[in-house]
Amino acid sequence: MVSVMQADFGWYPEPLDFTVGAVSISTLPDLKENTGWVGQDSGVMGDWIYAPMREQHVMGHALRFLPYPSRIFGLPKTHRLTHAAADGEEHLDFLLWALGFFVGMRLTATEAGFVDATPIKPRKLVDFLIVGPEVARAMSLAERFWQDNKAEPSRAKRWGAAVHALFIGQGPQLLQYERFIYLYGALDACFALASDLFGPVTGRITHAGRVAWLCRQLNMPVPAWADDTVGPGSPLANIRNPMLHESLFMDAPLVT
């Protein structure tokens, strides 16, 4: 059953207003108030805002700050997503993952949807630029993807998983092997989605060849770190395998 649905989301520090088909994005009226504190907040450093320190409470009173922060935190809502014929909350969730990818920021409609740190500037988490009317055009493609694939809900979920892993993998506090795990997970989610869309896949594609297969499906050049035609497996897989099975990253224990 389709119905009009809305979700207030954030955090996005710029006006963003457009309607494309059944999808509308509008800026909430208190944008300046909800974004003006950035720069004065002690949790902001560079282009990132970090999770606040955790307080210890007794009988409703804060006694002291604990020596570790809250990992999960929230930010004010700045915009509203409206869909005139939504299929449900997962439909809106998918569109927010898509919009977040297009503008290069983590966007969420949840009360506390950020982990450890999140950018305070757009286009921080991607290496491309979509601005102006092109954002609306990109959202029309996202809506078309949903409509074409809503009978296979795992496809939208894999898209969201890939975007989330890509974003989490760029957190400024991550160790190298943690970053690798998240970014590899993003690639693996893309492979799972593509193999479902382009399938059926003939034969078994090992981890050593997944990125190369994905690039060939999309007519993209295979990067040297994913080339599965030289040596025993790809350099990417040669890092992944000992890390996941032997806790070794670049021939060293993970803690180093």
# chains A, B, ... in the order shown; residues from 1 in each chain; ligands from 1
>>> residues_around(residues="Ala212 in chain A", least_positions_apart="3", cutoff="6 Å", atoms="only C-alpha atoms", output="count of residues only")
4
>>> residues_around(residues="Leu141 in chain A", least_positions_apart="4", cutoff="12 Å", atoms="only C-alpha atoms", output="short mmCIF file (atom, residue, chain, number, x, y, z; two decimals) with all heavy atoms, in the first residue's frame")
data_model
loop_
_atom_site.label_atom_id
_atom_site.label_comp_id
_atom_site.auth_asym_id
_atom_site.auth_seq_id
_atom_site.Cartn_x
_atom_site.Cartn_y
_atom_site.Cartn_z
N VAL A 20 11.22 16.11 -7.54
CA VAL A 20 11.38 15.34 -8.76
C VAL A 20 10.43 14.16 -8.68
O VAL A 20 10.57 13.30 -7.81
CB VAL A 20 12.85 14.90 -8.96
CG1 VAL A 20 13.39 14.15 -7.76
CG2 VAL A 20 13.01 14.08 -10.23
N GLY A 21 9.43 14.15 -9.53
CA GLY A 21 8.42 13.10 -9.46
C GLY A 21 7.70 13.15 -8.12
O GLY A 21 7.22 14.20 -7.68
N VAL A 23 9.14 12.61 -5.25
CA VAL A 23 10.12 12.87 -4.19
C VAL A 23 10.34 14.36 -4.02
O VAL A 23 10.60 15.07 -5.00
CB VAL A 23 11.45 12.17 -4.50
CG1 VAL A 23 12.48 12.45 -3.41
CG2 VAL A 23 11.27 10.67 -4.70
N LEU A 95 16.17 6.14 -0.01
CA LEU A 95 16.37 7.45 -0.63
C LEU A 95 17.32 8.33 0.17
O LEU A 95 18.10 9.11 -0.41
CB LEU A 95 15.02 8.15 -0.81
CG LEU A 95 14.07 7.51 -1.83
CD1 LEU A 95 12.73 8.23 -1.84
CD2 LEU A 95 14.68 7.51 -3.24
N ALA A 98 20.76 7.18 -0.64
CA ALA A 98 21.12 7.67 -1.95
C ALA A 98 21.50 9.15 -1.91
O ALA A 98 22.54 9.57 -2.43
CB ALA A 98 19.97 7.45 -2.93
N LEU A 99 20.66 9.97 -1.25
CA LEU A 99 20.94 11.40 -1.17
C LEU A 99 22.25 11.65 -0.43
O LEU A 99 23.06 12.50 -0.84
CB LEU A 99 19.78 12.12 -0.47
CG LEU A 99 19.93 13.63 -0.32
CD1 LEU A 99 20.04 14.30 -1.68
CD2 LEU A 99 18.74 14.20 0.46
N PHE A 102 25.07 11.07 -2.77
CA PHE A 102 25.18 12.11 -3.79
C PHE A 102 25.79 13.40 -3.24
O PHE A 102 26.51 14.10 -3.95
CB PHE A 102 23.81 12.41 -4.40
CG PHE A 102 23.17 11.23 -5.08
CD1 PHE A 102 21.79 11.06 -5.07
CD2 PHE A 102 23.95 10.28 -5.74
CE1 PHE A 102 21.20 9.97 -5.69
CE2 PHE A 102 23.37 9.18 -6.36
CZ PHE A 102 21.99 9.02 -6.33
N GLU A 134 21.57 18.77 -10.74
CA GLU A 134 22.04 17.40 -10.90
C GLU A 134 21.71 16.54 -9.68
O GLU A 134 21.60 15.31 -9.80
CB GLU A 134 23.54 17.38 -11.17
CG GLU A 134 23.94 17.97 -12.52
CD GLU A 134 23.24 17.25 -13.68
OE1 GLU A 134 23.36 16.02 -13.76
OE2 GLU A 134 22.59 17.94 -14.48
N VAL A 135 21.57 17.16 -8.51
CA VAL A 135 21.18 16.39 -7.32
C VAL A 135 19.77 15.82 -7.51
O VAL A 135 19.50 14.65 -7.22
CB VAL A 135 21.25 17.25 -6.05
CG1 VAL A 135 20.78 16.45 -4.84
CG2 VAL A 135 22.66 17.76 -5.83
N ALA A 136 18.87 16.65 -8.02
CA ALA A 136 17.51 16.19 -8.28
C ALA A 136 17.50 15.09 -9.34
O ALA A 136 16.77 14.09 -9.22
CB ALA A 136 16.63 17.36 -8.74
N ARG A 137 18.31 15.25 -10.37
CA ARG A 137 18.38 14.23 -11.42
C ARG A 137 18.90 12.90 -10.84
O ARG A 137 18.39 11.83 -11.18
CB ARG A 137 19.28 14.70 -12.55
CG ARG A 137 19.39 13.71 -13.72
CD ARG A 137 20.15 14.32 -14.88
NE ARG A 137 20.30 13.36 -15.95
CZ ARG A 137 21.31 12.52 -16.08
NH1 ARG A 137 22.29 12.54 -15.18
NH2 ARG A 137 21.38 11.67 -17.08
N PHE A 145 15.53 3.24 -9.46
CA PHE A 145 16.13 1.99 -8.99
C PHE A 145 15.20 1.30 -7.99
O PHE A 145 15.00 0.09 -8.05
CB PHE A 145 17.50 2.26 -8.36
CG PHE A 145 18.19 1.02 -7.85
CD1 PHE A 145 19.04 0.30 -8.66
CD2 PHE A 145 17.98 0.56 -6.54
CE1 PHE A 145 19.67 -0.84 -8.21
CE2 PHE A 145 18.59 -0.58 -6.08
CZ PHE A 145 19.44 -1.29 -6.91
N TRP A 146 14.66 2.09 -7.06
CA TRP A 146 13.75 1.50 -6.07
C TRP A 146 12.55 0.87 -6.77
O TRP A 146 12.18 -0.27 -6.48
CB TRP A 146 13.29 2.54 -5.07
CG TRP A 146 12.23 1.99 -4.15
CD1 TRP A 146 10.87 2.00 -4.35
CD2 TRP A 146 12.44 1.28 -2.93
NE1 TRP A 146 10.22 1.36 -3.31
CE2 TRP A 146 11.17 0.90 -2.44
CE3 TRP A 146 13.58 0.94 -2.20
CZ2 TRP A 146 11.01 0.20 -1.25
CZ3 TRP A 146 13.42 0.24 -1.02
CH2 TRP A 146 12.15 -0.12 -0.56
N GLN A 147 11.93 1.59 -7.66
CA GLN A 147 10.73 1.10 -8.32
C GLN A 147 11.04 -0.15 -9.15
O GLN A 147 10.23 -1.09 -9.20
CB GLN A 147 10.13 2.19 -9.22
CG GLN A 147 9.65 3.42 -8.47
CD GLN A 147 8.54 3.13 -7.47
OE1 GLN A 147 7.82 2.14 -7.58
NE2 GLN A 147 8.39 4.00 -6.48
N ASP A 148 12.20 -0.18 -9.81
CA ASP A 148 12.56 -1.33 -10.64
C ASP A 148 12.92 -2.56 -9.82
O ASP A 148 12.86 -3.68 -10.34
CB ASP A 148 13.73 -0.97 -11.56
CG ASP A 148 13.35 0.01 -12.65
OD1 ASP A 148 12.14 0.22 -12.88
OD2 ASP A 148 14.27 0.60 -13.26
#
>>> closest_residue(among="A:Tyr177, A:Ala156, A:Pro221, A:Cys190", to="Ile239 in chain A", atoms="only C-alpha atoms")
A:Tyr177
>>> residues_around(residues="Pro67 in chain A", least_positions_apart="5", cutoff="10 Å", atoms="only C-alpha atoms", output="list in words")
Met53, Arg54 and Glu55 of chain A
>>> residues_around(residues="range 40-49 of chain A", least_positions_apart="4", cutoff="9 Å", atoms="only C-alpha atoms", output="number ranges by chain")
A: 36, 53, 116-121, 124, 172
>>> write_last_selection(atoms="C-alpha atoms", output="PDB file, in the first residue's frame")
ATOM      1  CA  GLY A  36      25.110  28.057  13.343  1.00  0.00           C
ATOM      2  CA  MET A  53      31.850  12.814  26.067  1.00  0.00           C
ATOM      3  CA  ASP A 116      32.162   8.260  16.428  1.00  0.00           C
ATOM      4  CA  ALA A 117      32.416  11.224  14.016  1.00  0.00           C
ATOM      5  CA  THR A 118      30.725  12.692  10.959  1.00  0.00           C
ATOM      6  CA  PRO A 119      31.640  15.491   8.528  1.00  0.00           C
ATOM      7  CA  ILE A 120      30.203  18.962   8.948  1.00  0.00           C
ATOM      8  CA  LYS A 121      30.775  19.860   5.290  1.00  0.00           C
ATOM      9  CA  LYS A 124      33.636  15.186   2.294  1.00  0.00           C
ATOM     10  CA  PRO A 172      39.320  10.007  11.210  1.00  0.00           C
TER      11      PRO A 172
END
>>> select_by_dssp(residues="range 47-208 of chain A", states="helix (DSSP H, G or I)", output="ChimeraX atom specification")
/A:89-103,133-149,153-168,176-198,207-208
>>> closest_residue(among="A:Glu152, A:Asp227, A:Asp93, A:Glu143", to="Ala7 in chain A", atoms="only C-alpha atoms")
A:Asp93
>>> atom_distance(atom1="CA of Gly132 in chain A", atom2="CA of Trp11 in chain A")
18.4 Å
>>> closest_residue(among="A:Glu246, A:Ser3, A:His164, A:Asp196", to="Ala84 in chain A", atoms="only C-alpha atoms")
A:Ser3
>>> residues_around(residues="Leu107 in chain A", least_positions_apart="4", cutoff="10 Å", atoms="only C-alpha atoms", output="PyMOL selection string")
chain A and resi 9-12+75+77-79+93+96-101+103+113-114+118
>>> write_last_selection(atoms="all heavy atoms", output="short mmCIF file (atom, residue, chain, number, x, y, z; two decimals), in the first residue's frame")
data_model
loop_
_atom_site.label_atom_id
_atom_site.label_comp_id
_atom_site.auth_asym_id
_atom_site.auth_seq_id
_atom_site.Cartn_x
_atom_site.Cartn_y
_atom_site.Cartn_z
N PHE A 9 15.24 14.83 8.48
CA PHE A 9 16.56 14.20 8.54
C PHE A 9 17.63 15.28 8.69
O PHE A 9 17.40 16.47 8.56
CB PHE A 9 16.82 13.35 7.30
CG PHE A 9 16.93 14.13 6.01
CD1 PHE A 9 18.15 14.60 5.56
CD2 PHE A 9 15.80 14.41 5.24
CE1 PHE A 9 18.27 15.33 4.38
CE2 PHE A 9 15.89 15.12 4.05
CZ PHE A 9 17.13 15.59 3.63
N GLY A 10 18.84 14.84 8.93
CA GLY A 10 19.99 15.72 9.03
C GLY A 10 21.25 14.86 9.08
O GLY A 10 21.17 13.65 8.95
N TRP A 11 22.34 15.44 9.16
CA TRP A 11 22.53 16.86 9.32
C TRP A 11 23.13 17.39 8.02
O TRP A 11 24.16 16.89 7.58
CB TRP A 11 23.47 17.08 10.51
CG TRP A 11 23.73 18.49 10.91
CD1 TRP A 11 22.97 19.24 11.75
CD2 TRP A 11 24.83 19.32 10.52
NE1 TRP A 11 23.53 20.49 11.92
CE2 TRP A 11 24.68 20.56 11.15
CE3 TRP A 11 25.91 19.13 9.69
CZ2 TRP A 11 25.58 21.61 11.00
CZ3 TRP A 11 26.80 20.16 9.51
CH2 TRP A 11 26.64 21.39 10.17
N TYR A 12 22.51 18.41 7.40
CA TYR A 12 23.04 18.97 6.16
C TYR A 12 23.06 20.48 6.31
O TYR A 12 22.02 21.10 6.58
CB TYR A 12 22.17 18.55 4.97
CG TYR A 12 22.77 18.90 3.63
CD1 TYR A 12 23.86 18.20 3.14
CD2 TYR A 12 22.28 19.96 2.89
CE1 TYR A 12 24.43 18.53 1.92
CE2 TYR A 12 22.84 20.31 1.66
CZ TYR A 12 23.91 19.58 1.18
OH TYR A 12 24.48 19.91 -0.03
N LEU A 75 22.36 14.60 15.81
CA LEU A 75 22.50 16.00 15.43
C LEU A 75 21.12 16.53 15.04
O LEU A 75 20.22 15.75 14.73
CB LEU A 75 23.47 16.14 14.24
CG LEU A 75 24.94 15.85 14.51
CD1 LEU A 75 25.73 15.86 13.21
CD2 LEU A 75 25.53 16.85 15.49
N LYS A 77 17.89 17.90 13.13
CA LYS A 77 17.32 17.69 11.80
C LYS A 77 17.29 19.03 11.06
O LYS A 77 16.97 20.07 11.63
CB LYS A 77 15.91 17.11 11.90
CG LYS A 77 15.84 15.80 12.71
CD LYS A 77 16.65 14.70 12.04
CE LYS A 77 16.47 13.36 12.75
NZ LYS A 77 17.13 13.33 14.07
N THR A 78 17.63 18.99 9.79
CA THR A 78 17.73 20.22 9.02
C THR A 78 16.84 20.23 7.78
O THR A 78 16.56 21.30 7.23
CB THR A 78 19.18 20.43 8.56
OG1 THR A 78 19.62 19.26 7.84
CG2 THR A 78 20.10 20.67 9.75
N HIS A 79 16.39 19.06 7.32
CA HIS A 79 15.63 18.97 6.09
C HIS A 79 14.51 17.94 6.22
O HIS A 79 14.49 17.16 7.18
CB HIS A 79 16.54 18.61 4.91
CG HIS A 79 17.53 19.67 4.57
ND1 HIS A 79 18.64 19.93 5.35
CD2 HIS A 79 17.58 20.56 3.54
CE1 HIS A 79 19.32 20.93 4.81
NE2 HIS A 79 18.71 21.32 3.71
N ASP A 93 14.24 5.24 3.75
CA ASP A 93 15.61 4.97 4.18
C ASP A 93 16.54 4.85 2.98
O ASP A 93 17.65 5.39 2.97
CB ASP A 93 15.67 3.67 4.99
CG ASP A 93 15.04 3.82 6.37
OD1 ASP A 93 14.86 4.97 6.82
OD2 ASP A 93 14.72 2.79 6.98
N LEU A 96 17.32 8.20 1.49
CA LEU A 96 18.27 8.96 2.30
C LEU A 96 19.69 8.46 2.11
O LEU A 96 20.64 9.26 2.08
CB LEU A 96 17.87 8.91 3.77
CG LEU A 96 16.70 9.81 4.18
CD1 LEU A 96 16.40 9.67 5.67
CD2 LEU A 96 16.98 11.27 3.83
N TRP A 97 19.86 7.15 2.00
CA TRP A 97 21.20 6.62 1.70
C TRP A 97 21.67 7.15 0.35
O TRP A 97 22.85 7.51 0.18
CB TRP A 97 21.20 5.10 1.69
CG TRP A 97 21.21 4.47 3.04
CD1 TRP A 97 20.28 3.65 3.60
CD2 TRP A 97 22.24 4.61 4.04
NE1 TRP A 97 20.64 3.28 4.86
CE2 TRP A 97 21.84 3.84 5.16
CE3 TRP A 97 23.44 5.30 4.10
CZ2 TRP A 97 22.61 3.75 6.32
CZ3 TRP A 97 24.22 5.21 5.26
CH2 TRP A 97 23.79 4.44 6.34
N ALA A 98 20.76 7.18 -0.64
CA ALA A 98 21.12 7.67 -1.95
C ALA A 98 21.50 9.15 -1.91
O ALA A 98 22.54 9.57 -2.43
CB ALA A 98 19.97 7.45 -2.93
N LEU A 99 20.66 9.97 -1.25
CA LEU A 99 20.94 11.40 -1.17
C LEU A 99 22.25 11.65 -0.43
O LEU A 99 23.06 12.50 -0.84
CB LEU A 99 19.78 12.12 -0.47
CG LEU A 99 19.93 13.63 -0.32
CD1 LEU A 99 20.04 14.30 -1.68
CD2 LEU A 99 18.74 14.20 0.46
N GLY A 100 22.48 10.91 0.65
CA GLY A 100 23.73 11.06 1.39
C GLY A 100 24.94 10.77 0.52
O GLY A 100 25.96 11.46 0.60
N PHE A 101 24.84 9.75 -0.31
CA PHE A 101 25.94 9.42 -1.23
C PHE A 101 26.15 10.54 -2.24
O PHE A 101 27.28 10.94 -2.51
CB PHE A 101 25.62 8.10 -1.93
CG PHE A 101 26.69 7.66 -2.90
CD1 PHE A 101 27.93 7.24 -2.45
CD2 PHE A 101 26.44 7.65 -4.27
CE1 PHE A 101 28.91 6.83 -3.35
CE2 PHE A 101 27.41 7.24 -5.16
CZ PHE A 101 28.65 6.83 -4.70
N VAL A 103 25.49 13.74 -1.98
CA VAL A 103 26.03 14.98 -1.40
C VAL A 103 27.27 14.73 -0.55
O VAL A 103 27.89 15.68 -0.05
CB VAL A 103 24.97 15.73 -0.57
CG1 VAL A 103 23.77 16.06 -1.42
CG2 VAL A 103 24.55 14.92 0.66
N GLY A 113 21.95 8.70 14.79
CA GLY A 113 22.37 7.88 13.66
C GLY A 113 23.81 8.05 13.24
O GLY A 113 24.19 7.61 12.15
N PHE A 114 24.64 8.65 14.10
CA PHE A 114 26.03 8.89 13.75
C PHE A 114 26.93 8.09 14.67
O PHE A 114 26.63 7.91 15.86
CB PHE A 114 26.36 10.38 13.85
CG PHE A 114 25.49 11.24 12.97
CD1 PHE A 114 24.35 11.84 13.49
CD2 PHE A 114 25.78 11.40 11.63
CE1 PHE A 114 23.54 12.62 12.69
CE2 PHE A 114 24.97 12.17 10.82
CZ PHE A 114 23.84 12.79 11.34
N THR A 118 31.36 12.51 12.27
CA THR A 118 30.72 12.69 10.96
C THR A 118 31.13 14.05 10.42
O THR A 118 31.40 14.99 11.18
CB THR A 118 29.19 12.58 11.08
OG1 THR A 118 28.62 12.38 9.77
CG2 THR A 118 28.58 13.81 11.71
#
>>> atom_distance(atom1="CA of Arg158 in chain A", atom2="CA of Ala189 in chain A")
5.8 Å
>>> atom_distance(atom1="CA of Trp213 in chain A", atom2="CA of Ala186 in chain A")
15.2 Å
